[in-house]
Amino acid sequence: MLDAVLKPNKWFVLRLFIIGFFASGGLSFPNPDDPIPWFIVPFPFFGFFFGFFIQAWVGISLGGIRYVWRKPSWYANPFTKTQPLQFFHMGAFCFMALGVVALIFGSWGSWKWRQGAPLPFFPLSGGLGIWAFVRVFCLVFRKKMDGLVKVG
């Protein structure tokens with residue numbers, strides 16, 4: 001039993017590799033000198049959250065569609081065409097990793113925080129919005145998700 005838990009599968013390793021690739025992109029993320037107003041930072045969060053939530057809500061509400069709605073797993077294929085939550089889940093962590101690395105290595109120490117927000121807050125905020133969408137969607141539609149079966 002413990003052996004199965006400690007042994008990562010190929011999808012887990014692939015997800016970590018892709019997230020690491022996005023995180024390495026944070027090392028060369030642009031760091032403009034112009035400040036961005038702080039009130040703009042939540043826009044990517046709410047844009048991704050509500051945009052994906054409405055789209056997925058319509059998708060799960062239509063009967064007979066080709067998607068399977070299951071909670072995302074780190075051990076499942078994130079590129080399957082029939083489980084969109086897998087891809088969104090991985091994408092959320094990619095954006096968050098990019099934003100965190102860009103903040104740490106690009107603008108954290110040298111940024112003048114009173115003037116405005118650094119640009120890396122945008123992918124971080126967007127990633128948090130996608131992650132929140134996946135979590136809230138799984139919570140709100142958990143009964144429908146368990147009862148749906150793949151059609152076609």
# chains A, B, ... in the order shown; residues from 1 in each chain; ligands from 1
$ residues_around --residues "Phe29 (chain A)" --least-positions-apart "6" --cutoff "9 Å" --atoms "only C-alpha atoms" --output "ChimeraX atom specification"
/A:98-99,101-102,106,119-120
$ select_by_dssp --residues "region 3-147 of chain A" --states "alpha helix (DSSP H)" --output "PyMOL selection string"
chain A and resi 3-6+10-25+42-61+84-102+121-140+142-147
$ residues_around --residues "region 137-146 of chain A" --least-positions-apart "6" --cutoff "10 Å" --atoms "only C-alpha atoms" --output "list in words"
Phe49, Phe52, Phe53, Ile54, Ala56, Trp57, Ile60, Ser61, Val68, Trp69, Arg70, Lys71, Pro72, Leu85 and Trp131 of chain A
$ residues_around --residues "Phe93 (chain A)" --least-positions-apart "3" --cutoff "10 Å" --atoms "only C-alpha atoms" --output "PyMOL selection string"
chain A and resi 15-16+18-20+22-23+88-90+96-99+124+127-128+130-131
$ write_last_selection --atoms "N, CA, C and O atoms" --output "mmCIF file, in the first residue's frame"
data_model
loop_
_atom_site.group_PDB
_atom_site.id
_atom_site.type_symbol
_atom_site.label_atom_id
_atom_site.label_comp_id
_atom_site.auth_asym_id
_atom_site.auth_seq_id
_atom_site.Cartn_x
_atom_site.Cartn_y
_atom_site.Cartn_z
ATOM 1 N N ARG A 15 3.129 16.452 -15.112
ATOM 2 C CA ARG A 15 2.579 17.695 -14.553
ATOM 3 C C ARG A 15 3.661 18.516 -13.852
ATOM 4 O O ARG A 15 3.750 19.730 -14.034
ATOM 5 N N LEU A 16 4.482 17.863 -13.042
ATOM 6 C CA LEU A 16 5.556 18.588 -12.355
ATOM 7 C C LEU A 16 6.544 19.188 -13.352
ATOM 8 O O LEU A 16 7.020 20.316 -13.159
ATOM 9 N N ILE A 18 5.912 20.160 -16.493
ATOM 10 C CA ILE A 18 5.278 21.297 -17.171
ATOM 11 C C ILE A 18 5.184 22.501 -16.240
ATOM 12 O O ILE A 18 5.467 23.637 -16.644
ATOM 13 N N ILE A 19 4.817 22.280 -14.989
ATOM 14 C CA ILE A 19 4.749 23.380 -14.026
ATOM 15 C C ILE A 19 6.142 23.962 -13.795
ATOM 16 O O ILE A 19 6.312 25.182 -13.703
ATOM 17 N N GLY A 20 7.157 23.110 -13.738
ATOM 18 C CA GLY A 20 8.537 23.591 -13.614
ATOM 19 C C GLY A 20 8.977 24.402 -14.823
ATOM 20 O O GLY A 20 9.703 25.394 -14.687
ATOM 21 N N PHE A 22 6.993 26.266 -16.715
ATOM 22 C CA PHE A 22 6.366 27.576 -16.561
ATOM 23 C C PHE A 22 7.065 28.385 -15.469
ATOM 24 O O PHE A 22 7.244 29.597 -15.604
ATOM 25 N N ALA A 23 7.451 27.723 -14.382
ATOM 26 C CA ALA A 23 8.151 28.425 -13.306
ATOM 27 C C ALA A 23 9.484 28.979 -13.799
ATOM 28 O O ALA A 23 9.870 30.090 -13.441
ATOM 29 N N PHE A 88 -7.580 22.488 -16.696
ATOM 30 C CA PHE A 88 -7.673 23.751 -15.963
ATOM 31 C C PHE A 88 -6.894 23.683 -14.652
ATOM 32 O O PHE A 88 -6.260 24.657 -14.245
ATOM 33 N N HIS A 89 -6.951 22.553 -13.986
ATOM 34 C CA HIS A 89 -6.239 22.368 -12.725
ATOM 35 C C HIS A 89 -4.726 22.521 -12.932
ATOM 36 O O HIS A 89 -4.054 23.234 -12.187
ATOM 37 N N MET A 90 -4.206 21.858 -13.948
ATOM 38 C CA MET A 90 -2.769 21.973 -14.220
ATOM 39 C C MET A 90 -2.415 23.399 -14.658
ATOM 40 O O MET A 90 -1.399 23.959 -14.249
ATOM 41 N N MET A 96 0.312 30.084 -11.490
ATOM 42 C CA MET A 96 0.755 30.467 -10.147
ATOM 43 C C MET A 96 2.269 30.312 -9.999
ATOM 44 O O MET A 96 2.923 31.175 -9.405
ATOM 45 N N ALA A 97 2.833 29.247 -10.547
ATOM 46 C CA ALA A 97 4.283 29.053 -10.468
ATOM 47 C C ALA A 97 5.020 30.155 -11.224
ATOM 48 O O ALA A 97 6.022 30.686 -10.740
ATOM 49 N N LEU A 98 4.526 30.510 -12.405
ATOM 50 C CA LEU A 98 5.129 31.594 -13.184
ATOM 51 C C LEU A 98 5.113 32.896 -12.397
ATOM 52 O O LEU A 98 6.135 33.592 -12.292
ATOM 53 N N GLY A 99 3.974 33.220 -11.807
ATOM 54 C CA GLY A 99 3.859 34.467 -11.050
ATOM 55 C C GLY A 99 4.731 34.502 -9.814
ATOM 56 O O GLY A 99 5.385 35.511 -9.524
ATOM 57 N N LEU A 124 -0.139 35.375 -11.389
ATOM 58 C CA LEU A 124 -0.443 34.801 -10.080
ATOM 59 C C LEU A 124 -1.930 34.933 -9.769
ATOM 60 O O LEU A 124 -2.588 33.969 -9.360
ATOM 61 N N GLY A 127 -3.925 32.591 -12.095
ATOM 62 C CA GLY A 127 -3.799 31.203 -11.656
ATOM 63 C C GLY A 127 -4.637 30.915 -10.428
ATOM 64 O O GLY A 127 -5.269 29.859 -10.322
ATOM 65 N N LEU A 128 -4.656 31.841 -9.491
ATOM 66 C CA LEU A 128 -5.500 31.671 -8.302
ATOM 67 C C LEU A 128 -6.978 31.654 -8.687
ATOM 68 O O LEU A 128 -7.776 30.912 -8.102
ATOM 69 N N ILE A 130 -8.240 30.569 -11.599
ATOM 70 C CA ILE A 130 -8.528 29.270 -12.223
ATOM 71 C C ILE A 130 -8.609 28.179 -11.165
ATOM 72 O O ILE A 130 -9.500 27.326 -11.196
ATOM 73 N N TRP A 131 -7.683 28.206 -10.207
ATOM 74 C CA TRP A 131 -7.694 27.203 -9.145
ATOM 75 C C TRP A 131 -8.972 27.319 -8.312
ATOM 76 O O TRP A 131 -9.593 26.308 -7.966
#
$ closest_residue --among "A:Gly126, A:Gly116, A:Asn77, A:Ile104" --to "Phe39 (chain A)" --atoms "only C-alpha atoms"
A:Gly116
$ closest_residue --among "A:Thr80, A:Gln55, A:Gln115, A:Ser73" --to "Arg135 (chain A)" --atoms "only C-alpha atoms"
A:Ser73
$ closest_residue --among "A:Phe46, A:Phe21, A:Trp38, A:Tyr67" --to "Gly91 (chain A)" --atoms "only C-alpha atoms"
A:Phe21
$ decode --residues "region 17-47 of chain A" --atoms "N, CA, C and O atoms" --output "compact mmCIF listing (two decimals), in the first residue's frame"
# COMPACT_ATOMS: atom_id res chain seq x y z
N PHE A 17 6.85 18.46 -14.42
CA PHE A 17 7.77 18.97 -15.43
C PHE A 17 7.18 20.20 -16.12
O PHE A 17 7.88 21.20 -16.31
N ILE A 18 5.91 20.16 -16.49
CA ILE A 18 5.28 21.30 -17.17
C ILE A 18 5.18 22.50 -16.24
O ILE A 18 5.47 23.64 -16.64
N ILE A 19 4.82 22.28 -14.99
CA ILE A 19 4.75 23.38 -14.03
C ILE A 19 6.14 23.96 -13.80
O ILE A 19 6.31 25.18 -13.70
N GLY A 20 7.16 23.11 -13.74
CA GLY A 20 8.54 23.59 -13.61
C GLY A 20 8.98 24.40 -14.82
O GLY A 20 9.70 25.39 -14.69
N PHE A 21 8.53 24.00 -16.00
CA PHE A 21 8.84 24.76 -17.22
C PHE A 21 8.24 26.16 -17.14
O PHE A 21 8.90 27.15 -17.47
N PHE A 22 6.99 26.27 -16.71
CA PHE A 22 6.37 27.58 -16.56
C PHE A 22 7.07 28.38 -15.47
O PHE A 22 7.24 29.60 -15.60
N ALA A 23 7.45 27.72 -14.38
CA ALA A 23 8.15 28.43 -13.31
C ALA A 23 9.48 28.98 -13.80
O ALA A 23 9.87 30.09 -13.44
N SER A 24 10.18 28.22 -14.64
CA SER A 24 11.45 28.72 -15.17
C SER A 24 11.23 29.92 -16.08
O SER A 24 12.12 30.77 -16.21
N GLY A 25 10.06 30.03 -16.68
CA GLY A 25 9.74 31.21 -17.48
C GLY A 25 9.64 32.46 -16.62
O GLY A 25 9.78 33.58 -17.12
N GLY A 26 9.39 32.29 -15.34
CA GLY A 26 9.32 33.42 -14.43
C GLY A 26 10.67 34.09 -14.23
O GLY A 26 10.74 35.26 -13.83
N LEU A 27 11.75 33.37 -14.52
CA LEU A 27 13.09 33.98 -14.39
C LEU A 27 13.32 35.07 -15.41
O LEU A 27 14.09 36.01 -15.17
N SER A 28 12.68 34.98 -16.56
CA SER A 28 12.86 35.99 -17.61
C SER A 28 11.59 36.79 -17.85
O SER A 28 11.43 37.39 -18.90
N PHE A 29 10.69 36.80 -16.88
CA PHE A 29 9.44 37.54 -17.01
C PHE A 29 9.74 39.03 -17.03
O PHE A 29 10.58 39.52 -16.26
N PRO A 30 9.09 39.80 -17.90
CA PRO A 30 9.39 41.24 -17.97
C PRO A 30 9.02 41.95 -16.68
O PRO A 30 8.03 41.61 -16.02
N ASN A 31 9.82 42.92 -16.33
CA ASN A 31 9.62 43.68 -15.11
C ASN A 31 9.64 45.17 -15.46
O ASN A 31 10.65 45.84 -15.25
N PRO A 32 8.54 45.69 -16.01
CA PRO A 32 8.54 47.11 -16.40
C PRO A 32 8.62 48.02 -15.18
O PRO A 32 8.22 47.65 -14.08
N ASP A 33 9.14 49.20 -15.41
CA ASP A 33 9.28 50.17 -14.32
C ASP A 33 7.98 50.90 -14.00
O ASP A 33 7.84 51.47 -12.94
N ASP A 34 7.05 50.89 -14.94
CA ASP A 34 5.78 51.59 -14.72
C ASP A 34 4.91 50.82 -13.73
O ASP A 34 4.68 49.62 -13.91
N PRO A 35 4.43 51.50 -12.71
CA PRO A 35 3.57 50.80 -11.74
C PRO A 35 2.17 50.55 -12.32
O PRO A 35 1.68 51.30 -13.14
N ILE A 36 1.57 49.46 -11.87
CA ILE A 36 0.20 49.12 -12.23
C ILE A 36 -0.65 49.37 -11.00
O ILE A 36 -0.30 48.92 -9.91
N PRO A 37 -1.76 50.07 -11.14
CA PRO A 37 -2.60 50.33 -9.95
C PRO A 37 -3.05 49.03 -9.29
O PRO A 37 -3.39 48.06 -9.96
N TRP A 38 -3.08 49.05 -7.97
CA TRP A 38 -3.42 47.84 -7.21
C TRP A 38 -4.84 47.37 -7.48
O TRP A 38 -5.13 46.18 -7.40
N PHE A 39 -5.76 48.29 -7.79
CA PHE A 39 -7.15 47.88 -7.98
C PHE A 39 -7.34 47.04 -9.25
O PHE A 39 -8.37 46.38 -9.41
N ILE A 40 -6.36 47.00 -10.13
CA ILE A 40 -6.45 46.22 -11.36
C ILE A 40 -6.04 44.76 -11.13
O ILE A 40 -6.44 43.87 -11.89
N VAL A 41 -5.27 44.49 -10.10
CA VAL A 41 -4.74 43.14 -9.86
C VAL A 41 -5.84 42.07 -9.72
O VAL A 41 -5.67 40.96 -10.23
N PRO A 42 -6.98 42.34 -9.08
CA PRO A 42 -8.01 41.29 -8.97
C PRO A 42 -8.74 40.96 -10.27
O PRO A 42 -9.42 39.94 -10.35
N PHE A 43 -8.62 41.79 -11.31
CA PHE A 43 -9.35 41.54 -12.55
C PHE A 43 -9.03 40.18 -13.18
O PHE A 43 -9.95 39.49 -13.61
N PRO A 44 -7.76 39.75 -13.28
CA PRO A 44 -7.53 38.41 -13.83
C PRO A 44 -8.16 37.30 -12.99
O PRO A 44 -8.68 36.33 -13.53
N PHE A 45 -8.13 37.47 -11.66
CA PHE A 45 -8.74 36.46 -10.79
C PHE A 45 -10.22 36.30 -11.12
O PHE A 45 -10.69 35.20 -11.40
N PHE A 46 -10.95 37.40 -11.07
CA PHE A 46 -12.40 37.32 -11.29
C PHE A 46 -12.75 37.02 -12.74
O PHE A 46 -13.74 36.35 -13.01
N GLY A 47 -11.94 37.49 -13.68
CA GLY A 47 -12.18 37.20 -15.09
C GLY A 47 -12.07 35.71 -15.38
O GLY A 47 -12.96 35.12 -16.02
